[in-house]
Amino acid sequence: MQIIRFFKKHAPLLLSFFAPIIIMGSYFAIRHMFPFGNSSLLTVDLGQQYIDFYAFFRDTILHHPDQILYSFSKAIGGDMLGVWAYYLMSPFNLLLLLTPGKWLTFGVMLMTLLKYGSSGLTFAILLKKTKVQTKWGIPTFAISYALMGWLVANQLNVMWLDAAVFLPLVVLGIEKIFSGKSYLFYSFLLGCTLVINYYMGYMICLFLITYMFWASFRHWSGWQKLLTAWRKLIVGSLLGAGLAAALLLPTFYALTQSKAKYTLTHFKWQFEYSPLKMLSKFVVGAFNFDQMPTGYPNIFVGSLVLLGFVLYFLSHQISWRERLSALVVSCFFFFSLCLQPLDLVWHAMQFPIWYPYRFSFVICFWLVWLAAIALKANRKLTSWQIGVLALLLIGFDGYVYFHLDRFNFLKPSQLLLTVLFGFLALIFLALRQRVRLTNRYFGLIFVSFTIIEMSTNAYLSLNQISYVSQSDYANYTAELVKVVKRVKSQNKTNDFYRLEKTFMRTKNDSMEANYNSASHFSSTFEAKIPNFMGRLGQPAGDGFITYSNGTLFTDAFLGMKYYLDAKPESKSSATVLPPLTDKPDLAFYREIGQDRLTKTYQNNYALPFGFAASNKILEPIKNNHYPTLYQSTILNHLMGSTQYTSLFMAQQFATVTYHNVRQDKAPLTETYKKIDKKKNGTITYRFTPTTSDPYYLTIGSNLNSKAVSFTVNNHPLQQYDTFRDTVIVDLAAAEQNQPVTLTITLKQPEVWLQNFQLYHFNTAALNQATQTLQAHPWRLTRNSNTHLTGKITIPHRKQVMMTTIPAAKGWHLRVDGHPKKFKQVLGSLIAIPLSKGSHTVSLAYWPPYLTLGLIISSLSALIDLLVLLSLKIRHH
């Protein structure tokens, strides 16, 4: 009986929680998401980025807690607090500890479903606590909120969804303050929101400013009470931010080294699109893949909410002050969704790369919240209100109908459904209190109607998206983890090393399988590392590195001790292990193992993590825009060479033939044009290596797959497609006296062969140099992500200990027990000047401003605790 009474008492809250879970869970099952089939929830960034972070989350919590602060699986090394603050601080992530291996995708699904349900639950709690809605009205609006267009369109951005969960609770805290309660609830929830995701938390903070403005009019009862409420709001906001300071301060510093470097300070006062086009997003299922990179705001909230929102401004039961202030706020939101400067402010002065109008969840909240208020206050619609709503529906549907061809994400059937839902909602609202049905039955009708409409929108929207199969993810991950474990078992020393491969599922594979690499992709990636790797000839950009174009030198310099290669003779390897690059120079590495799909190689040229080198490396390298010259200069500086030795020697092709292509007649140009633009145009280069040394080819950033395609001896050349710098392509190795044919097929009428040059690599010079540099290594006695200690012998004066650790403010150096300062070389790496002789060198990492943040957070928590104790004493 107690269980029955519990369910009856809390039925609105339970329905608000479980209805979104059942709706979306049913959809996932219908789409055969694992474990209901061989599909998965992985798509776009969730499949290419976040899933690897979740594997990293499990490994960190269960095995390597120091990775919370720093990790060498983030490219060649990097601060991790920024990554945790943006991607991994959700309490829902703890579910992932229960789903290892191939079940990780199921864990992500469970987490997503719980966030849907929790969004409905927290909005329901807000409605119940403020008495804005009761009984069936609570799940009606809670389900509209939980299945809003923003949440459906962004379910792949799992780390953002917590914002929808916590926003109603933060607003409830504000409502408590205006009703005379303490600020503690608001302060605590605001702090949690900022910790869980500072980016979404920033948007919530902007929204709260507008909400407080409106709430001041809604709860107006005199200046004294208003000032008291605002004093509590300000104190609560400051202490809420203070509670989060331990994470916010080091994260803010990390942003100054990464994302903040791309902040825009100039903008244009212009509309980003015709504002009327926003109406298209109120149509059922108004979403497809094209809306992800560039689209209109996802603000679908259902017909009942849309009508209720309009009714809010038509209702005389609501004071004119409250409605006028709401109109001001609504106009601000409207212009935020289409006016460039306001859009930039919401996105912290950076145009989002994909997923535009990320803040639209607060607008959805605003629409649902005002609708809920209106449909409680305005229990009975008058004839003129019905007429206004009907005219608005006709105008909205008519505009979309006559412009349907402009919206590639809409079909006539979707508009027809929208018309049907809109007028049904209006009829239900008009009939309420006009027919002999109790409120209970009308409440049931509204809930059922909302469930049907919001489910329809979710299903139609998500049907436009394709997903990664479970087998593609699970089989690749299982093979990678198995091979990495085998390498680790063979390397039983305490030495630091890196590992790379010729195949790739994502740029964060190293975080998936827990190994040190050089590739990475995240929004909080320090800018100087991609810049450095780009100068070395690697594909790199804002927020990513793909280590696909390593040469014998870069592999050696960066300590790539092991390389994994997919077996070309295995039919299934290309299916399980997506190819990333061709690497003929693996012929110079020693094969140490293999299985059904892969071979493992050891690189005997690999340099130690730290080694004795000439202090000439401290000198800046001015000619750093061409990778072959840059690599050679680095080696010469490391060696302290008085006579320059080139690693790369330019070589001419023996012959070149053109088919349907002619070279531009302008002097000294490398521009080629098709003669007949409708036919294929090819340029074929041939040469025969005279040695077994590697031969490399440089190509400029304009020579991507949109411009040309390459084949080597009639086999397609594997080249990662996104690069902004000149890259070095591994063309041939160990092929002495074997003809090599390189064919370029033009995909455009005109192509500039930018920085197109063949090079012969000087293996003998590299071999001699690496033997010298390997002779005096930094022998580690302690090797963790945040603490490195070892001994090194410096054989000569004017030498340094060179490392491939990225220079960062958080590293603290001690030499022979004494604090010292390191030098930053090559714009990014740590070098330590040392005197001749033996030294013990220690490096420890502690994020900048973390100590200050911990102090502020502790003081804020102490103040809150003292206030709480005083309130309890006062009430007793």
# chains A, B, ... in the order shown; residues from 1 in each chain; ligands from 1
$ residues_around --residues "Asn408 (chain A)" --least-positions-apart "3" --cutoff "9 Å" --atoms "only C-alpha atoms" --output "PyMOL selection string"
chain A and resi 288+290+404-405+411
$ write_last_selection --atoms "N, CA and C atoms" --output "CSV table (one decimal), in the first residue's frame"
chain,number,residue,atom,x,y,z
A,288,ASN,N,18.3,17.9,-40.0
A,288,ASN,CA,19.1,16.8,-40.8
A,288,ASN,C,20.6,17.1,-40.6
A,290,ASP,N,22.8,18.4,-42.5
A,290,ASP,CA,23.3,19.7,-42.9
A,290,ASP,C,23.1,20.8,-41.8
A,404,LEU,N,8.9,26.4,-48.7
A,404,LEU,CA,9.3,25.1,-48.4
A,404,LEU,C,10.5,24.7,-49.1
A,405,ASP,N,10.7,25.1,-50.4
A,405,ASP,CA,11.8,24.8,-51.2
A,405,ASP,C,13.2,25.3,-50.7
A,411,LYS,N,9.9,18.4,-45.4
A,411,LYS,CA,9.1,17.8,-46.5
A,411,LYS,C,7.7,18.2,-46.3
$ residues_around --residues "Leu552 (chain A)" --least-positions-apart "2" --cutoff "8 Å" --atoms "only C-alpha atoms" --output "list in words"
Gly550, Thr554, Asp555, Ala556, Asp585 and Tyr605 of chain A
$ write_last_selection --atoms "N, CA and C atoms" --output "PDB file, in the first residue's frame"
ATOM      1  N   GLY A 550      54.805  11.023 -40.397  1.00  0.00           N
ATOM      2  CA  GLY A 550      56.103  10.963 -39.740  1.00  0.00           C
ATOM      3  C   GLY A 550      57.208  10.543 -40.680  1.00  0.00           C
ATOM      4  N   THR A 554      61.348  12.600 -37.518  1.00  0.00           N
ATOM      5  CA  THR A 554      60.335  12.963 -36.517  1.00  0.00           C
ATOM      6  C   THR A 554      59.999  11.775 -35.630  1.00  0.00           C
ATOM      7  N   ASP A 555      59.972  10.573 -36.207  1.00  0.00           N
ATOM      8  CA  ASP A 555      59.739   9.385 -35.379  1.00  0.00           C
ATOM      9  C   ASP A 555      60.833   9.240 -34.328  1.00  0.00           C
ATOM     10  N   ALA A 556      62.075   9.489 -34.739  1.00  0.00           N
ATOM     11  CA  ALA A 556      63.200   9.370 -33.809  1.00  0.00           C
ATOM     12  C   ALA A 556      63.158  10.474 -32.763  1.00  0.00           C
ATOM     13  N   ASP A 585      58.763   3.584 -45.068  1.00  0.00           N
ATOM     14  CA  ASP A 585      60.016   3.621 -44.291  1.00  0.00           C
ATOM     15  C   ASP A 585      59.968   2.732 -43.040  1.00  0.00           C
ATOM     16  N   TYR A 605      65.961   3.943 -33.974  1.00  0.00           N
ATOM     17  CA  TYR A 605      66.435   5.337 -34.046  1.00  0.00           C
ATOM     18  C   TYR A 605      65.816   6.192 -32.938  1.00  0.00           C
TER      19      TYR A 605
END
$ atom_distance --atom1 "CA of Lys115 (chain A)" --atom2 "CA of Asn93 (chain A)"
10.7 Å
$ residues_around --residues "region 498-511 of chain A" --least-positions-apart "6" --cutoff "6 Å" --atoms "only C-alpha atoms" --output "PyMOL selection string"
chain A and resi 48+52+56+73+517+519-521+559-565+577-581
$ closest_residue --among "A:Val751, A:Ala146, A:Ala474, A:Val740" --to "Asn702 (chain A)" --atoms "only C-alpha atoms"
A:Val751
$ closest_residue --among "A:Ser182, A:Ser325, A:Ser646, A:Ser523" --to "Pro352 (chain A)" --atoms "only C-alpha atoms"
A:Ser523
$ closest_residue --among "A:Asn737, A:Ser471, A:Ser274, A:Ser187" --to "Ile234 (chain A)" --atoms "only C-alpha atoms"
A:Ser187
$ atom_distance --atom1 "CA of Trp369 (chain A)" --atom2 "CA of Ile174 (chain A)"
14.0 Å
$ atom_distance --atom1 "CA of Pro139 (chain A)" --atom2 "CA of Phe359 (chain A)"
23.8 Å
$ closest_atom_pairs --of "region 397-491 of chain A" --to "region 152-169 of chain A" --cutoff "8 Å" --atoms "only C-alpha atoms" --output "JSON lines"
{"residue": "A:Ala458", "atom": "CA", "partner": "A:Val152", "partner_atom": "CA", "distance": 6.1}
{"residue": "A:Ser461", "atom": "CA", "partner": "A:Ala153", "partner_atom": "CA", "distance": 7.3}
{"residue": "A:Leu462", "atom": "CA", "partner": "A:Val152", "partner_atom": "CA", "distance": 7.5}
$ write_last_selection --atoms "C-alpha atoms" --output "CSV table (one decimal), in the first residue's frame"
chain,number,residue,atom,x,y,z
A,458,ALA,CA,12.4,13.2,-32.0
A,461,SER,CA,14.8,14.4,-36.5
A,462,LEU,CA,17.1,11.5,-35.6
$ residues_around --residues "region 248-252 of chain A" --least-positions-apart "4" --cutoff "8 Å" --atoms "only C-alpha atoms" --output "PyMOL selection string"
chain A and resi 81-82+85+194-195+198+244+256+847-850+852-853
$ write_last_selection --atoms "N, CA and C atoms" --output "PDB file, in the first residue's frame"
ATOM      1  N   LEU A  81      43.115  19.247 -17.065  1.00  0.00           N
ATOM      2  CA  LEU A  81      41.998  19.828 -16.321  1.00  0.00           C
ATOM      3  C   LEU A  81      40.998  20.510 -17.242  1.00  0.00           C
ATOM      4  N   GLY A  82      41.504  21.170 -18.291  1.00  0.00           N
ATOM      5  CA  GLY A  82      40.611  21.805 -19.258  1.00  0.00           C
ATOM      6  C   GLY A  82      39.752  20.793 -19.983  1.00  0.00           C
ATOM      7  N   ALA A  85      37.151  19.584 -17.501  1.00  0.00           N
ATOM      8  CA  ALA A  85      36.137  20.611 -17.239  1.00  0.00           C
ATOM      9  C   ALA A  85      35.134  20.723 -18.372  1.00  0.00           C
ATOM     10  N   LEU A 194      28.572  25.112 -13.021  1.00  0.00           N
ATOM     11  CA  LEU A 194      29.836  25.602 -13.565  1.00  0.00           C
ATOM     12  C   LEU A 194      30.918  24.524 -13.538  1.00  0.00           C
ATOM     13  N   VAL A 195      30.887  23.668 -12.539  1.00  0.00           N
ATOM     14  CA  VAL A 195      31.867  22.584 -12.465  1.00  0.00           C
ATOM     15  C   VAL A 195      31.595  21.540 -13.536  1.00  0.00           C
ATOM     16  N   TYR A 198      31.636  24.209 -17.730  1.00  0.00           N
ATOM     17  CA  TYR A 198      31.770  25.662 -17.623  1.00  0.00           C
ATOM     18  C   TYR A 198      31.237  26.373 -18.863  1.00  0.00           C
ATOM     19  N   ALA A 244      33.205  26.797  -7.492  1.00  0.00           N
ATOM     20  CA  ALA A 244      33.744  26.167  -8.705  1.00  0.00           C
ATOM     21  C   ALA A 244      35.140  26.650  -9.052  1.00  0.00           C
ATOM     22  N   THR A 256      43.337  30.243 -22.089  1.00  0.00           N
ATOM     23  CA  THR A 256      44.189  31.300 -22.645  1.00  0.00           C
ATOM     24  C   THR A 256      45.297  30.722 -23.511  1.00  0.00           C
ATOM     25  N   PRO A 847      48.786  22.105 -12.146  1.00  0.00           N
ATOM     26  CA  PRO A 847      48.161  23.116 -13.014  1.00  0.00           C
ATOM     27  C   PRO A 847      48.242  24.518 -12.431  1.00  0.00           C
ATOM     28  N   PRO A 848      48.554  25.488 -13.251  1.00  0.00           N
ATOM     29  CA  PRO A 848      48.583  26.876 -12.785  1.00  0.00           C
ATOM     30  C   PRO A 848      47.231  27.291 -12.205  1.00  0.00           C
ATOM     31  N   TYR A 849      47.281  28.020 -11.110  1.00  0.00           N
ATOM     32  CA  TYR A 849      46.115  28.591 -10.426  1.00  0.00           C
ATOM     33  C   TYR A 849      45.237  27.547  -9.737  1.00  0.00           C
ATOM     34  N   LEU A 850      45.643  26.288  -9.742  1.00  0.00           N
ATOM     35  CA  LEU A 850      44.851  25.282  -9.032  1.00  0.00           C
ATOM     36  C   LEU A 850      44.888  25.529  -7.527  1.00  0.00           C
ATOM     37  N   LEU A 852      45.338  28.403  -5.924  1.00  0.00           N
ATOM     38  CA  LEU A 852      44.488  29.565  -5.635  1.00  0.00           C
ATOM     39  C   LEU A 852      43.019  29.177  -5.729  1.00  0.00           C
ATOM     40  N   GLY A 853      42.682  28.394  -6.740  1.00  0.00           N
ATOM     41  CA  GLY A 853      41.295  27.955  -6.901  1.00  0.00           C
ATOM     42  C   GLY A 853      40.818  27.124  -5.728  1.00  0.00           C
TER      43      GLY A 853
END
$ closest_residue --among "A:His796, A:Arg432, A:His787, A:Lys872" --to "Ser614 (chain A)" --atoms "only C-alpha atoms"
A:His796
$ select_by_dssp --residues "region 425-506 of chain A" --states "helix (DSSP H, G or I)" --output "VMD selection string"
chain A and resid 425 to 431 439 to 462 470 to 490
$ write_last_selection --atoms "N, CA and C atoms" --output "short mmCIF file (atom, residue, chain, number, x, y, z; two decimals), in the first residue's frame"
data_model
loop_
_atom_site.label_atom_id
_atom_site.label_comp_id
_atom_site.auth_asym_id
_atom_site.auth_seq_id
_atom_site.Cartn_x
_atom_site.Cartn_y
_atom_site.Cartn_z
N ALA A 425 -3.95 21.31 -30.96
CA ALA A 425 -3.61 21.95 -29.69
C ALA A 425 -4.53 23.13 -29.42
N LEU A 426 -4.81 23.92 -30.45
CA LEU A 426 -5.70 25.07 -30.28
C LEU A 426 -7.12 24.62 -29.92
N ILE A 427 -7.58 23.57 -30.58
CA ILE A 427 -8.93 23.05 -30.29
C ILE A 427 -9.01 22.57 -28.84
N PHE A 428 -7.98 21.83 -28.40
CA PHE A 428 -7.99 21.34 -27.01
C PHE A 428 -8.00 22.50 -26.02
N LEU A 429 -7.21 23.53 -26.30
CA LEU A 429 -7.18 24.69 -25.41
C LEU A 429 -8.52 25.41 -25.40
N ALA A 430 -9.15 25.51 -26.56
CA ALA A 430 -10.43 26.22 -26.66
C ALA A 430 -11.54 25.45 -25.96
N LEU A 431 -11.46 24.11 -26.01
CA LEU A 431 -12.51 23.29 -25.42
C LEU A 431 -12.36 23.15 -23.91
N ASN A 439 -10.92 18.24 -15.26
CA ASN A 439 -9.54 18.65 -15.50
C ASN A 439 -8.63 17.44 -15.60
N ARG A 440 -8.99 16.37 -14.86
CA ARG A 440 -8.18 15.16 -14.89
C ARG A 440 -8.10 14.59 -16.29
N TYR A 441 -9.25 14.51 -16.96
CA TYR A 441 -9.25 13.94 -18.31
C TYR A 441 -8.60 14.87 -19.32
N PHE A 442 -8.81 16.16 -19.15
CA PHE A 442 -8.15 17.08 -20.07
C PHE A 442 -6.63 17.06 -19.83
N GLY A 443 -6.24 16.90 -18.60
CA GLY A 443 -4.82 16.76 -18.31
C GLY A 443 -4.23 15.56 -18.99
N LEU A 444 -4.97 14.44 -18.97
CA LEU A 444 -4.52 13.24 -19.64
C LEU A 444 -4.41 13.45 -21.15
N ILE A 445 -5.38 14.18 -21.71
CA ILE A 445 -5.34 14.49 -23.15
C ILE A 445 -4.11 15.31 -23.49
N PHE A 446 -3.80 16.32 -22.68
CA PHE A 446 -2.65 17.18 -22.96
C PHE A 446 -1.34 16.40 -22.86
N VAL A 447 -1.22 15.53 -21.84
CA VAL A 447 -0.01 14.73 -21.70
C VAL A 447 0.16 13.80 -22.89
N SER A 448 -0.92 13.13 -23.27
CA SER A 448 -0.86 12.19 -24.40
C SER A 448 -0.52 12.93 -25.69
N PHE A 449 -1.14 14.09 -25.88
CA PHE A 449 -0.88 14.88 -27.08
C PHE A 449 0.59 15.30 -27.12
N THR A 450 1.11 15.75 -25.98
CA THR A 450 2.51 16.18 -25.92
C THR A 450 3.46 15.02 -26.21
N ILE A 451 3.18 13.86 -25.62
CA ILE A 451 4.02 12.70 -25.86
C ILE A 451 4.05 12.33 -27.34
N ILE A 452 2.89 12.35 -27.98
CA ILE A 452 2.81 11.98 -29.40
C ILE A 452 3.58 12.98 -30.26
N GLU A 453 3.36 14.28 -30.02
CA GLU A 453 4.01 15.30 -30.86
C GLU A 453 5.52 15.34 -30.64
N MET A 454 5.95 15.32 -29.38
CA MET A 454 7.38 15.40 -29.11
C MET A 454 8.10 14.13 -29.56
N SER A 455 7.44 12.98 -29.44
CA SER A 455 8.03 11.73 -29.94
C SER A 455 8.18 11.77 -31.45
N THR A 456 7.16 12.27 -32.11
CA THR A 456 7.21 12.38 -33.57
C THR A 456 8.37 13.25 -34.02
N ASN A 457 8.54 14.38 -33.34
CA ASN A 457 9.66 15.27 -33.68
C ASN A 457 11.00 14.59 -33.48
N ALA A 458 11.15 13.91 -32.34
CA ALA A 458 12.41 13.24 -32.04
C ALA A 458 12.71 12.16 -33.07
N TYR A 459 11.73 11.35 -33.38
CA TYR A 459 11.94 10.25 -34.31
C TYR A 459 12.28 10.76 -35.71
N LEU A 460 11.52 11.74 -36.18
CA LEU A 460 11.78 12.27 -37.53
C LEU A 460 13.13 12.97 -37.59
N SER A 461 13.51 13.67 -36.53
CA SER A 461 14.78 14.40 -36.53
C SER A 461 15.96 13.43 -36.55
N LEU A 462 15.93 12.42 -35.69
CA LEU A 462 17.06 11.51 -35.56
C LEU A 462 17.14 10.52 -36.71
N GLN A 470 28.10 -0.87 -34.27
CA GLN A 470 28.74 -1.36 -33.04
C GLN A 470 29.97 -2.19 -33.36
N SER A 471 29.90 -3.00 -34.40
CA SER A 471 31.04 -3.86 -34.74
C SER A 471 32.24 -3.04 -35.18
N ASP A 472 32.02 -1.96 -35.92
CA ASP A 472 33.15 -1.11 -36.34
C ASP A 472 33.90 -0.57 -35.13
N TYR A 473 33.14 -0.13 -34.14
CA TYR A 473 33.78 0.40 -32.93
C TYR A 473 34.39 -0.71 -32.09
N ALA A 474 33.61 -1.74 -31.81
CA ALA A 474 34.05 -2.77 -30.87
C ALA A 474 35.22 -3.58 -31.41
N ASN A 475 35.17 -3.96 -32.69
CA ASN A 475 36.25 -4.79 -33.25
C ASN A 475 37.56 -4.02 -33.33
N TYR A 476 37.48 -2.75 -33.75
CA TYR A 476 38.69 -1.93 -33.83
C TYR A 476 39.30 -1.74 -32.44
N THR A 477 38.45 -1.38 -31.49
CA THR A 477 38.94 -1.11 -30.14
C THR A 477 39.56 -2.36 -29.52
N ALA A 478 38.92 -3.50 -29.70
CA ALA A 478 39.44 -4.74 -29.14
C ALA A 478 40.82 -5.07 -29.71
N GLU A 479 40.99 -4.90 -31.04
CA GLU A 479 42.28 -5.18 -31.67
C GLU A 479 43.34 -4.20 -31.19
N LEU A 480 43.00 -2.91 -31.12
CA LEU A 480 43.98 -1.91 -30.69
C LEU A 480 44.41 -2.15 -29.24
N VAL A 481 43.46 -2.39 -28.36
CA VAL A 481 43.79 -2.62 -26.96
C VAL A 481 44.67 -3.86 -26.81
N LYS A 482 44.36 -4.90 -27.57
CA LYS A 482 45.13 -6.15 -27.50
C LYS A 482 46.58 -5.92 -27.92
N VAL A 483 46.78 -5.21 -29.04
CA VAL A 483 48.14 -5.00 -29.54
C VAL A 483 48.93 -4.08 -28.61
N VAL A 484 48.28 -3.04 -28.09
CA VAL A 484 48.96 -2.12 -27.18
C VAL A 484 49.39 -2.86 -25.91
N LYS A 485 48.53 -3.71 -25.39
CA LYS A 485 48.90 -4.50 -24.20
C LYS A 485 50.10 -5.40 -24.49
N ARG A 486 50.15 -5.94 -25.71
CA ARG A 486 51.28 -6.80 -26.07
C ARG A 486 52.58 -5.99 -26.11
N VAL A 487 52.52 -4.78 -26.63
CA VAL A 487 53.71 -3.93 -26.68
C VAL A 487 54.16 -3.59 -25.27
N LYS A 488 53.21 -3.26 -24.40
CA LYS A 488 53.57 -2.90 -23.03
C LYS A 488 54.20 -4.08 -22.29
N SER A 489 53.70 -5.28 -22.57
CA SER A 489 54.26 -6.46 -21.91
C SER A 489 55.70 -6.73 -22.35
N GLN A 490 56.04 -6.33 -23.60
CA GLN A 490 57.40 -6.55 -24.10
C GLN A 490 58.35 -5.48 -23.62
#
$ decode --residues "region 656-727 of chain A" --atoms "C-alpha atoms" --output "PDB file, in the first residue's frame"
ATOM      1  CA  VAL A 656      56.989  13.480 -66.468  1.00  0.00           C
ATOM      2  CA  THR A 657      54.087  12.941 -68.870  1.00  0.00           C
ATOM      3  CA  TYR A 658      50.804  14.805 -69.206  1.00  0.00           C
ATOM      4  CA  HIS A 659      47.416  13.527 -70.256  1.00  0.00           C
ATOM      5  CA  ASN A 660      44.805  16.189 -71.013  1.00  0.00           C
ATOM      6  CA  VAL A 661      46.882  18.642 -68.946  1.00  0.00           C
ATOM      7  CA  ARG A 662      49.059  21.585 -69.839  1.00  0.00           C
ATOM      8  CA  GLN A 663      51.330  23.699 -67.692  1.00  0.00           C
ATOM      9  CA  ASP A 664      50.561  27.405 -67.342  1.00  0.00           C
ATOM     10  CA  LYS A 665      52.816  29.356 -69.681  1.00  0.00           C
ATOM     11  CA  ALA A 666      53.661  31.986 -67.099  1.00  0.00           C
ATOM     12  CA  PRO A 667      57.333  31.746 -66.047  1.00  0.00           C
ATOM     13  CA  LEU A 668      58.283  29.843 -62.893  1.00  0.00           C
ATOM     14  CA  THR A 669      54.725  28.673 -62.276  1.00  0.00           C
ATOM     15  CA  GLU A 670      53.600  25.257 -61.089  1.00  0.00           C
ATOM     16  CA  THR A 671      49.983  25.710 -62.139  1.00  0.00           C
ATOM     17  CA  TYR A 672      48.443  23.043 -64.368  1.00  0.00           C
ATOM     18  CA  LYS A 673      45.171  23.182 -66.275  1.00  0.00           C
ATOM     19  CA  LYS A 674      42.962  20.608 -67.925  1.00  0.00           C
ATOM     20  CA  ILE A 675      42.734  20.975 -71.689  1.00  0.00           C
ATOM     21  CA  ASP A 676      39.282  19.387 -71.877  1.00  0.00           C
ATOM     22  CA  LYS A 677      37.562  20.145 -68.572  1.00  0.00           C
ATOM     23  CA  LYS A 678      35.051  17.330 -69.053  1.00  0.00           C
ATOM     24  CA  LYS A 679      37.727  14.610 -69.198  1.00  0.00           C
ATOM     25  CA  ASN A 680      40.227  13.290 -66.694  1.00  0.00           C
ATOM     26  CA  GLY A 681      43.554  15.059 -66.536  1.00  0.00           C
ATOM     27  CA  THR A 682      46.648  13.324 -65.163  1.00  0.00           C
ATOM     28  CA  ILE A 683      50.312  14.093 -64.563  1.00  0.00           C
ATOM     29  CA  THR A 684      52.580  11.064 -64.265  1.00  0.00           C
ATOM     30  CA  TYR A 685      56.020  11.270 -62.657  1.00  0.00           C
ATOM     31  CA  ARG A 686      58.570   8.464 -62.738  1.00  0.00           C
ATOM     32  CA  PHE A 687      61.892   7.876 -61.021  1.00  0.00           C
ATOM     33  CA  THR A 688      64.041   4.924 -59.951  1.00  0.00           C
ATOM     34  CA  PRO A 689      65.607   5.070 -56.477  1.00  0.00           C
ATOM     35  CA  THR A 690      69.377   4.651 -56.634  1.00  0.00           C
ATOM     36  CA  THR A 691      69.602   3.680 -52.935  1.00  0.00           C
ATOM     37  CA  SER A 692      67.452   1.889 -50.366  1.00  0.00           C
ATOM     38  CA  ASP A 693      66.997   5.152 -48.445  1.00  0.00           C
ATOM     39  CA  PRO A 694      63.484   6.583 -48.019  1.00  0.00           C
ATOM     40  CA  TYR A 695      62.161   9.027 -50.598  1.00  0.00           C
ATOM     41  CA  TYR A 696      59.722  11.666 -49.410  1.00  0.00           C
ATOM     42  CA  LEU A 697      57.429  14.044 -51.257  1.00  0.00           C
ATOM     43  CA  THR A 698      56.284  17.431 -49.958  1.00  0.00           C
ATOM     44  CA  ILE A 699      52.837  18.761 -50.928  1.00  0.00           C
ATOM     45  CA  GLY A 700      51.223  22.064 -50.070  1.00  0.00           C
ATOM     46  CA  SER A 701      47.989  22.507 -48.149  1.00  0.00           C
ATOM     47  CA  ASN A 702      45.936  23.174 -51.271  1.00  0.00           C
ATOM     48  CA  LEU A 703      46.631  19.668 -52.606  1.00  0.00           C
ATOM     49  CA  ASN A 704      43.847  17.959 -50.680  1.00  0.00           C
ATOM     50  CA  SER A 705      41.399  15.379 -51.987  1.00  0.00           C
ATOM     51  CA  LYS A 706      39.126  18.069 -53.416  1.00  0.00           C
ATOM     52  CA  ALA A 707      41.903  19.229 -55.732  1.00  0.00           C
ATOM     53  CA  VAL A 708      43.812  16.065 -56.651  1.00  0.00           C
ATOM     54  CA  SER A 709      44.185  12.359 -55.994  1.00  0.00           C
ATOM     55  CA  PHE A 710      47.498  10.481 -55.909  1.00  0.00           C
ATOM     56  CA  THR A 711      48.429   6.940 -56.855  1.00  0.00           C
ATOM     57  CA  VAL A 712      51.821   5.266 -56.382  1.00  0.00           C
ATOM     58  CA  ASN A 713      52.458   2.345 -58.736  1.00  0.00           C
ATOM     59  CA  ASN A 714      48.708   2.278 -59.433  1.00  0.00           C
ATOM     60  CA  HIS A 715      47.783   2.043 -55.740  1.00  0.00           C
ATOM     61  CA  PRO A 716      45.887   4.947 -54.091  1.00  0.00           C
ATOM     62  CA  LEU A 717      48.101   6.994 -51.806  1.00  0.00           C
ATOM     63  CA  GLN A 718      46.733   7.217 -48.243  1.00  0.00           C
ATOM     64  CA  GLN A 719      46.926  10.799 -47.021  1.00  0.00           C
ATOM     65  CA  TYR A 720      44.926  12.379 -44.185  1.00  0.00           C
ATOM     66  CA  ASP A 721      42.898  15.030 -45.926  1.00  0.00           C
ATOM     67  CA  THR A 722      42.805  17.993 -43.547  1.00  0.00           C
ATOM     68  CA  PHE A 723      46.083  19.915 -43.304  1.00  0.00           C
ATOM     69  CA  ARG A 724      46.950  23.607 -43.274  1.00  0.00           C
ATOM     70  CA  ASP A 725      50.742  23.290 -43.584  1.00  0.00           C
ATOM     71  CA  THR A 726      53.003  21.664 -46.135  1.00  0.00           C
ATOM     72  CA  VAL A 727      53.180  17.950 -45.291  1.00  0.00           C
TER      73      VAL A 727
END
